[in-house]
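Source file: coords.txt. Holds: compact mmCIF, C-alpha atoms.
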# COMPACT_ATOMS: atom_id res chain seq x y z
CA MET N 266 -34.17 -13.91 -4.34
CA ASN N 267 -34.64 -10.18 -4.59
CA VAL N 268 -31.35 -8.33 -5.21
CA TYR N 269 -33.00 -5.15 -3.95
CA ILE N 270 -33.57 -6.52 -0.44
CA HIS N 271 -31.51 -3.69 1.06
CA ALA N 272 -33.08 -0.90 -1.02
CA PRO N 273 -34.76 0.87 1.93
CA LEU N 274 -31.56 0.64 3.99
CA ILE N 275 -29.45 1.92 1.09
CA GLU N 276 -31.85 4.81 0.55
CA GLU N 277 -31.43 5.75 4.22
CA CYS N 278 -27.65 5.58 3.82
CA ARG N 279 -27.91 7.93 0.84
CA LYS N 280 -29.62 10.42 3.16
CA GLY N 281 -26.68 10.16 5.57
CA ASN N 282 -28.52 8.12 8.20
CA SER N 283 -25.72 6.83 10.44
CA ARG N 284 -27.89 4.06 11.94
CA ALA N 285 -28.57 2.67 8.47
CA GLN N 286 -24.85 2.85 7.68
CA PHE N 287 -24.08 1.02 10.90
CA ARG N 288 -26.59 -1.72 10.02
CA LEU N 289 -25.05 -2.22 6.57
CA TYR N 290 -21.58 -2.23 8.10
CA ASN N 291 -22.60 -4.88 10.64
CA GLN N 292 -24.16 -6.99 7.94
CA TYR N 293 -21.14 -7.02 5.60
CA SER N 294 -18.03 -6.20 7.63
CA LYS N 295 -17.10 -9.73 8.71
CA ALA N 296 -17.29 -11.22 5.21
CA MET N 297 -15.41 -8.25 3.73
CA TYR N 298 -12.72 -8.44 6.41
CA ASN N 299 -12.25 -12.16 5.73
CA LEU N 300 -11.84 -11.50 2.01
CA ALA N 301 -9.37 -8.66 2.61
CA TYR N 302 -7.38 -10.84 4.98
CA ARG N 303 -7.26 -13.72 2.49
CA ILE N 304 -5.95 -11.39 -0.21
CA LEU N 305 -3.54 -9.30 1.89
CA ASN N 306 -2.51 -11.95 4.45
CA ASN N 307 -2.09 -9.24 7.06
CA ARG N 308 -4.60 -8.43 9.81
CA GLU N 309 -3.75 -4.74 10.17
CA ASP N 310 -3.84 -4.12 6.41
CA ALA N 311 -7.14 -6.01 6.16
CA GLU N 312 -8.64 -3.87 8.93
CA ASP N 313 -7.43 -0.67 7.26
CA ILE N 314 -8.78 -1.70 3.86
CA LEU N 315 -12.09 -2.69 5.42
CA GLN N 316 -12.48 0.77 6.95
CA GLU N 317 -11.43 2.52 3.74
CA THR N 318 -13.88 0.40 1.77
CA PHE N 319 -16.82 1.38 3.94
CA VAL N 320 -15.80 5.05 3.96
CA ASP N 321 -15.70 5.01 0.15
CA CYS N 322 -18.90 2.99 0.03
CA PHE N 323 -20.87 5.49 2.07
CA ARG N 324 -19.23 8.46 0.34
CA ASN N 325 -20.19 7.05 -3.08
CA ILE N 326 -23.37 5.14 -2.27
CA SER N 327 -25.30 7.38 -4.65
CA SER N 328 -23.44 5.65 -7.50
CA PHE N 329 -24.89 2.26 -6.52
CA ARG N 330 -27.48 1.58 -9.24
CA PHE N 331 -29.01 -1.74 -8.09
CA GLU N 332 -27.54 -3.45 -11.18
CA SER N 333 -26.04 -6.08 -8.90
CA THR N 334 -26.37 -6.98 -5.26
CA PHE N 335 -25.05 -4.50 -2.77
CA GLY N 336 -22.63 -7.18 -1.53
CA ALA N 337 -21.18 -7.68 -5.02
CA TRP N 338 -20.74 -3.92 -5.44
CA LEU N 339 -19.05 -3.65 -2.04
CA LYS N 340 -16.82 -6.66 -2.77
CA LYS N 341 -15.63 -5.04 -6.00
CA ILE N 342 -14.62 -1.90 -4.09
CA LEU N 343 -12.79 -3.99 -1.49
CA VAL N 344 -10.94 -6.18 -4.01
CA ASN N 345 -9.79 -3.11 -5.95
CA LYS N 346 -8.56 -1.50 -2.73
CA CYS N 347 -6.68 -4.69 -1.80
CA ILE N 348 -5.02 -4.83 -5.21
CA ASN N 349 -4.07 -1.15 -4.97
CA GLN N 350 -2.64 -1.77 -1.48
CA ILE N 351 -0.50 -4.58 -2.83
CA LYS N 352 0.67 -2.44 -5.74
CA LYS N 353 1.40 0.43 -3.35
CA LYS N 354 3.56 -1.82 -1.22
CA LYS N 355 5.26 -2.97 -4.40
CA ILE N 356 4.83 -6.61 -3.52
CA ASP N 357 6.17 -8.81 -6.27
CA LEU N 358 3.27 -10.90 -7.51
CA THR N 359 5.72 -13.36 -9.13
CA LEU N 360 3.61 -13.52 -12.25
CA CYS N 361 4.89 -14.94 -15.51
CA GLU N 362 3.40 -15.51 -18.94
CA THR N 363 4.16 -19.21 -19.44
CA LEU N 364 1.77 -22.06 -18.87
CA PRO N 365 3.08 -25.24 -17.28
CA SER N 366 2.84 -28.21 -19.63
CA ASP N 367 0.74 -30.22 -17.18
CA ILE N 368 -2.03 -27.62 -16.72
CA TYR N 369 -4.65 -29.80 -18.39
CA GLU N 370 -3.80 -33.06 -16.64
CA GLU N 371 -6.59 -34.79 -14.75
CA GLU N 372 -6.59 -34.13 -11.04
CA THR N 373 -7.20 -36.82 -8.49
CA GLU N 374 -9.51 -35.82 -5.68
CA THR N 375 -8.00 -35.73 -2.22
CA ILE N 376 -9.76 -34.64 0.94
CA TYR N 377 -7.82 -32.27 3.21
CA ASP N 378 -8.57 -30.67 6.55
CA THR N 379 -10.06 -27.19 5.97
CA ARG N 380 -7.88 -25.57 8.63
CA LYS N 381 -4.81 -27.03 6.98
CA ILE N 382 -5.91 -25.66 3.62
CA PHE N 383 -6.46 -22.11 4.91
CA LYS N 384 -3.13 -22.23 6.77
CA GLY N 385 -1.51 -23.40 3.53
CA ILE N 386 -3.12 -20.57 1.58
CA GLU N 387 -1.62 -18.09 4.05
CA MET N 388 1.82 -19.57 3.33
CA LEU N 389 1.56 -19.11 -0.46
CA PRO N 390 3.52 -16.33 -2.17
CA ASP N 391 1.37 -13.22 -2.67
CA GLY N 392 0.70 -13.70 -6.40
CA TYR N 393 -0.39 -17.29 -5.95
CA ARG N 394 -2.50 -16.50 -2.87
CA ILE N 395 -4.30 -13.60 -4.53
CA ILE N 396 -5.23 -15.51 -7.68
CA LEU N 397 -6.21 -18.65 -5.76
CA THR N 398 -8.39 -16.59 -3.42
CA LEU N 399 -10.08 -14.64 -6.18
CA TYR N 400 -10.74 -17.72 -8.32
CA LEU N 401 -11.40 -20.50 -5.86
CA LEU N 402 -12.86 -18.71 -2.86
CA GLU N 403 -14.50 -15.64 -4.37
CA GLY N 404 -15.70 -17.10 -7.67
CA TYR N 405 -14.08 -14.68 -10.10
CA ASP N 406 -13.22 -16.21 -13.47
CA HIS N 407 -9.81 -15.87 -15.09
CA SER N 408 -11.02 -13.12 -17.41
CA GLU N 409 -12.16 -11.01 -14.45
CA ILE N 410 -8.93 -11.73 -12.53
CA SER N 411 -6.85 -10.68 -15.53
CA GLN N 412 -8.71 -7.36 -15.64
CA ILE N 413 -8.44 -6.78 -11.89
CA LEU N 414 -4.71 -7.53 -11.75
CA GLY N 415 -3.75 -6.18 -15.19
CA ILE N 416 -2.36 -9.52 -16.38
CA SER N 417 -3.24 -11.87 -19.22
CA GLU N 418 -5.88 -14.53 -18.82
CA SER N 419 -3.26 -17.24 -19.49
CA THR N 420 -1.11 -15.82 -16.70
CA SER N 421 -4.04 -16.03 -14.32
CA LYS N 422 -4.64 -19.66 -15.33
CA SER N 423 -0.99 -20.63 -14.99
CA GLN N 424 -0.61 -18.91 -11.63
CA TYR N 425 -3.77 -20.62 -10.40
CA SER N 426 -2.43 -23.99 -11.51
CA ARG N 427 0.91 -23.34 -9.83
CA ALA N 428 -0.83 -22.09 -6.68
CA LYS N 429 -2.85 -25.29 -6.44
CA GLU N 430 0.27 -27.41 -6.87
CA LYS N 431 2.22 -25.41 -4.29
CA LEU N 432 -0.73 -25.56 -1.88
CA ARG N 433 -0.94 -29.32 -2.39
CA LYS N 434 2.76 -29.63 -1.48
CA ILE N 435 2.36 -27.38 1.56
CA ILE N 436 -0.55 -29.28 3.03
CA THR N 437 0.86 -32.74 2.38
CA ASN N 438 4.14 -31.95 4.15

Could you quickly redo this structure as structure tokens?
Amino acid sequence: MNVYIHAPLIEECRKGNSRAQFRLYNQYSKAMYNLAYRILNNREDAEDILQETFVDCFRNISSFRFESTFGAWLKKILVNKCINQIKKKKIDLTLCETLPSDIYEEETETIYDTRKIFKGIEMLPDGYRIILTLYLLEGYDHSEISQILGISESTSKSQYSRAKEKLRKIITN
């Protein structure tokens, strides 16, 4: 697949073409909103971050160098804005540096209802929800998460493990 599929559209955006900007917005806004909502767990904040992300995107589109997909570049802007929003609100991420002793235990596979899982994710404490979302749903690895959140890689791993266990308890009750 060609990562430069949107090159003509991006070039038009660089020229300030509002129709091109609108087309890019329509193409990516729903996915970006869903990601923001999963991280922030608040519809109004997710909407605000979405708008800020696209404003920054179009203001700085000249810095997009086609080294990745446009979607990946946009997602990075959005995730950073979400993390900054959380820091600004001084939400306690409940992060700690210790690994639980059972982190490497084998997991048994259980099938859960998807709606129940997403509802359970919404109920997780912020730190757990953010790491679980970034790792499991968005595909970031623990090294990338540690850089984004300013935590150690082992903290990311332990919080992910704890988030999975807490989610398991939430959805089985």

Exercise. Considering all atoms listed in the file, state which residue in the set N:Asn291, N:Ser327, N:Ser426, N:Asn349 is at the smallest distance from N:Arg279.
Key: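 Using all atoms listed in the file, N:Arg279 sits closest to N:Ser327.
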
Exercise. Grab the atom CA of N:Lys341 to atom CA of N:Arg303 distance for me, in Å with one decimal place.
Key: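 These two atoms are separated by 14.7 Å.
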
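The space separating atom CA of N:Thr334 from atom CA of N:Asn306 comes to 26.2 Å.
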
Quiz item: What does the distance from atom CA of N:Phe329 to atom CA of N:Leu289 come to in Å, to one decimal?
Solution: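 Atom CA of N:Phe329 sits 13.8 Å away from atom CA of N:Leu289.
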
Quiz item: Which of these residues is nearest to N:Phe287, using all atoms listed in the file: N:Ile304, N:Met388, N:Leu343, N:Val320?
Solution: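 Result for the nearest residue to N:Phe287: N:Val320.
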
Exercise. May I ask which of the residues N:Ser421, N:Phe323, N:Glu403, N:Lys354 is the closest one to N:Ser283, counting only C-alpha atoms?
Key: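 The shortest atom-to-atom distance to N:Ser283 comes from N:Phe323.
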
Practice problem: May I ask which of the residues N:Leu397, N:Ser411, N:Ile314, N:Phe331 is the closest one to N:Pro273, counting only C-alpha atoms? | Solution: N:Phe331

Practice problem: Scan for residues within 9 Å of the point (-25.2, 3.5, 1.2) in the coordinates of the file, using all atoms listed in the file, and reply as number ranges by chain. | Solution: N: 274-281, 285-286, 289, 322-327, 329, 335

Practice problem: Excluding N:Asp313 and residues on its chain fewer than 2 positions from it, collect all residues at most 12 Å away from it, counting only C-alpha atoms, and give them as JSON, numbers by chain. | Solution: {"N": [294, 297, 298, 301, 302, 305, 307, 308, 309, 310, 311, 315, 316, 317, 318, 319, 320, 343, 346, 347, 350]}

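Distances to N:Tyr393 were evaluated for N:Ile416, N:Ala272, N:Ala428, N:Ile410 using all atoms listed in the file, and the minimum falls at N:Ala428.
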
Quiz prompt | Selected residue, from N:Ile342, N:Tyr269, N:Ile436, N:Arg288, that lies nearest to N:Lys381 when counting all atoms listed in the file | solution =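 Of all the options, N:Ile436 lies closest to N:Lys381.
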
Practice problem: Would you kindly return, as a PyMOL selection string, each protein, DNA or RNA residue with an atom no farther than 10 Å from any atom of N:His407, considering all atoms listed in the file and excluding same-chain residues fewer than 6 positions away? | Solution: chain N and resi 396+399-400+413+416-422+425

Selection as an mmCIF file with C-alpha atoms, in the coordinates of the input: residues within 12 Å of (1.8, -31.0, 0.3), counting all atoms listed in the file:
data_model
loop_
_atom_site.group_PDB
_atom_site.id
_atom_site.type_symbol
_atom_site.label_atom_id
_atom_site.label_comp_id
_atom_site.auth_asym_id
_atom_site.auth_seq_id
_atom_site.Cartn_x
_atom_site.Cartn_y
_atom_site.Cartn_z
ATOM 1 C CA THR N 375 -8.000 -35.730 -2.220
ATOM 2 C CA TYR N 377 -7.820 -32.270 3.210
ATOM 3 C CA LYS N 381 -4.810 -27.030 6.980
ATOM 4 C CA ILE N 382 -5.910 -25.660 3.620
ATOM 5 C CA LYS N 384 -3.130 -22.230 6.770
ATOM 6 C CA GLY N 385 -1.510 -23.400 3.530
ATOM 7 C CA ILE N 386 -3.120 -20.570 1.580
ATOM 8 C CA MET N 388 1.820 -19.570 3.330
ATOM 9 C CA LEU N 389 1.560 -19.110 -0.460
ATOM 10 C CA ALA N 428 -0.830 -22.090 -6.680
ATOM 11 C CA LYS N 429 -2.850 -25.290 -6.440
ATOM 12 C CA GLU N 430 0.270 -27.410 -6.870
ATOM 13 C CA LYS N 431 2.220 -25.410 -4.290
ATOM 14 C CA LEU N 432 -0.730 -25.560 -1.880
ATOM 15 C CA ARG N 433 -0.940 -29.320 -2.390
ATOM 16 C CA LYS N 434 2.760 -29.630 -1.480
ATOM 17 C CA ILE N 435 2.360 -27.380 1.560
ATOM 18 C CA ILE N 436 -0.550 -29.280 3.030
ATOM 19 C CA THR N 437 0.860 -32.740 2.380
ATOM 20 C CA ASN N 438 4.140 -31.950 4.150
#

All heavy atoms modelled onto stretch 305-316 of chain N, as an mmCIF file, in the frame of the given file:
data_model
loop_
_atom_site.group_PDB
_atom_site.id
_atom_site.type_symbol
_atom_site.label_atom_id
_atom_site.label_comp_id
_atom_site.auth_asym_id
_atom_site.auth_seq_id
_atom_site.Cartn_x
_atom_site.Cartn_y
_atom_site.Cartn_z
ATOM 1 N N LEU N 305 -4.711 -10.046 1.399
ATOM 2 C CA LEU N 305 -3.540 -9.300 1.890
ATOM 3 C C LEU N 305 -2.662 -10.113 2.842
ATOM 4 O O LEU N 305 -1.498 -9.783 3.021
ATOM 5 C CB LEU N 305 -4.008 -8.016 2.581
ATOM 6 C CG LEU N 305 -4.758 -7.032 1.691
ATOM 7 C CD1 LEU N 305 -5.388 -5.931 2.531
ATOM 8 C CD2 LEU N 305 -3.843 -6.463 0.621
ATOM 9 N N ASN N 306 -3.252 -11.103 3.510
ATOM 10 C CA ASN N 306 -2.510 -11.950 4.450
ATOM 11 C C ASN N 306 -1.892 -11.151 5.590
ATOM 12 O O ASN N 306 -0.815 -11.465 6.069
ATOM 13 C CB ASN N 306 -1.442 -12.763 3.705
ATOM 14 C CG ASN N 306 -1.079 -14.029 4.443
ATOM 15 O OD1 ASN N 306 -1.882 -14.576 5.188
ATOM 16 N ND2 ASN N 306 0.135 -14.497 4.243
ATOM 17 N N ASN N 307 -2.585 -10.099 5.990
ATOM 18 C CA ASN N 307 -2.090 -9.240 7.060
ATOM 19 C C ASN N 307 -3.300 -8.621 7.764
ATOM 20 O O ASN N 307 -4.096 -7.927 7.125
ATOM 21 C CB ASN N 307 -1.187 -8.144 6.476
ATOM 22 C CG ASN N 307 -0.640 -7.224 7.531
ATOM 23 O OD1 ASN N 307 -1.383 -6.457 8.143
ATOM 24 N ND2 ASN N 307 0.654 -7.271 7.739
ATOM 25 N N ARG N 308 -3.413 -8.877 9.067
ATOM 26 C CA ARG N 308 -4.600 -8.430 9.810
ATOM 27 C C ARG N 308 -4.755 -6.908 9.828
ATOM 28 O O ARG N 308 -5.845 -6.381 9.618
ATOM 29 C CB ARG N 308 -4.560 -8.963 11.236
ATOM 30 C CG ARG N 308 -4.723 -10.458 11.305
ATOM 31 C CD ARG N 308 -4.830 -10.958 12.737
ATOM 32 N NE ARG N 308 -4.660 -12.393 12.839
ATOM 33 C CZ ARG N 308 -5.531 -13.299 12.404
ATOM 34 N NH1 ARG N 308 -6.622 -12.914 11.812
ATOM 35 N NH2 ARG N 308 -5.304 -14.597 12.548
ATOM 36 N N GLU N 309 -3.671 -6.208 10.080
ATOM 37 C CA GLU N 309 -3.750 -4.740 10.170
ATOM 38 C C GLU N 309 -4.130 -4.141 8.824
ATOM 39 O O GLU N 309 -4.966 -3.232 8.760
ATOM 40 C CB GLU N 309 -2.430 -4.146 10.666
ATOM 41 C CG GLU N 309 -2.103 -4.477 12.101
ATOM 42 C CD GLU N 309 -1.484 -5.868 12.281
ATOM 43 O OE1 GLU N 309 -0.988 -6.458 11.303
ATOM 44 O OE2 GLU N 309 -1.520 -6.373 13.422
ATOM 45 N N ASP N 310 -3.504 -4.629 7.747
ATOM 46 C CA ASP N 310 -3.840 -4.120 6.410
ATOM 47 C C ASP N 310 -5.286 -4.427 6.073
ATOM 48 O O ASP N 310 -5.989 -3.595 5.499
ATOM 49 C CB ASP N 310 -2.919 -4.732 5.352
ATOM 50 C CG ASP N 310 -1.507 -4.165 5.411
ATOM 51 O OD1 ASP N 310 -1.283 -3.146 6.092
ATOM 52 O OD2 ASP N 310 -0.617 -4.757 4.762
ATOM 53 N N ALA N 311 -5.757 -5.622 6.429
ATOM 54 C CA ALA N 311 -7.140 -6.010 6.160
ATOM 55 C C ALA N 311 -8.107 -5.088 6.905
ATOM 56 O O ALA N 311 -9.129 -4.655 6.350
ATOM 57 C CB ALA N 311 -7.378 -7.468 6.534
ATOM 58 N N GLU N 312 -7.793 -4.771 8.152
ATOM 59 C CA GLU N 312 -8.640 -3.870 8.930
ATOM 60 C C GLU N 312 -8.672 -2.474 8.308
ATOM 61 O O GLU N 312 -9.734 -1.848 8.210
ATOM 62 C CB GLU N 312 -8.143 -3.786 10.375
ATOM 63 C CG GLU N 312 -8.386 -5.059 11.160
ATOM 64 C CD GLU N 312 -7.659 -5.096 12.503
ATOM 65 O OE1 GLU N 312 -6.914 -4.140 12.834
ATOM 66 O OE2 GLU N 312 -7.834 -6.097 13.226
ATOM 67 N N ASP N 313 -7.493 -1.987 7.889
ATOM 68 C CA ASP N 313 -7.430 -0.670 7.260
ATOM 69 C C ASP N 313 -8.233 -0.626 5.963
ATOM 70 O O ASP N 313 -8.997 0.317 5.724
ATOM 71 C CB ASP N 313 -5.969 -0.280 6.962
ATOM 72 C CG ASP N 313 -5.169 0.018 8.220
ATOM 73 O OD1 ASP N 313 -5.788 0.208 9.297
ATOM 74 O OD2 ASP N 313 -3.924 0.049 8.133
ATOM 75 N N ILE N 314 -8.066 -1.648 5.131
ATOM 76 C CA ILE N 314 -8.780 -1.700 3.860
ATOM 77 C C ILE N 314 -10.278 -1.804 4.088
ATOM 78 O O ILE N 314 -11.071 -1.186 3.381
ATOM 79 C CB ILE N 314 -8.259 -2.876 2.989
ATOM 80 C CG1 ILE N 314 -6.828 -2.615 2.514
ATOM 81 C CG2 ILE N 314 -9.189 -3.150 1.805
ATOM 82 C CD1 ILE N 314 -6.639 -1.398 1.646
ATOM 83 N N LEU N 315 -10.670 -2.563 5.091
ATOM 84 C CA LEU N 315 -12.090 -2.690 5.420
ATOM 85 C C LEU N 315 -12.681 -1.312 5.731
ATOM 86 O O LEU N 315 -13.732 -0.940 5.206
ATOM 87 C CB LEU N 315 -12.290 -3.629 6.603
ATOM 88 C CG LEU N 315 -13.725 -3.785 7.093
ATOM 89 C CD1 LEU N 315 -14.563 -4.534 6.065
ATOM 90 C CD2 LEU N 315 -13.750 -4.492 8.438
ATOM 91 N N GLN N 316 -11.989 -0.555 6.578
ATOM 92 C CA GLN N 316 -12.480 0.770 6.950
ATOM 93 C C GLN N 316 -12.523 1.700 5.742
ATOM 94 O O GLN N 316 -13.502 2.417 5.530
ATOM 95 C CB GLN N 316 -11.622 1.368 8.068
ATOM 96 C CG GLN N 316 -11.663 0.580 9.362
ATOM 97 C CD GLN N 316 -13.071 0.276 9.848
ATOM 98 O OE1 GLN N 316 -13.942 1.122 9.855
ATOM 99 N NE2 GLN N 316 -13.295 -0.964 10.246
#
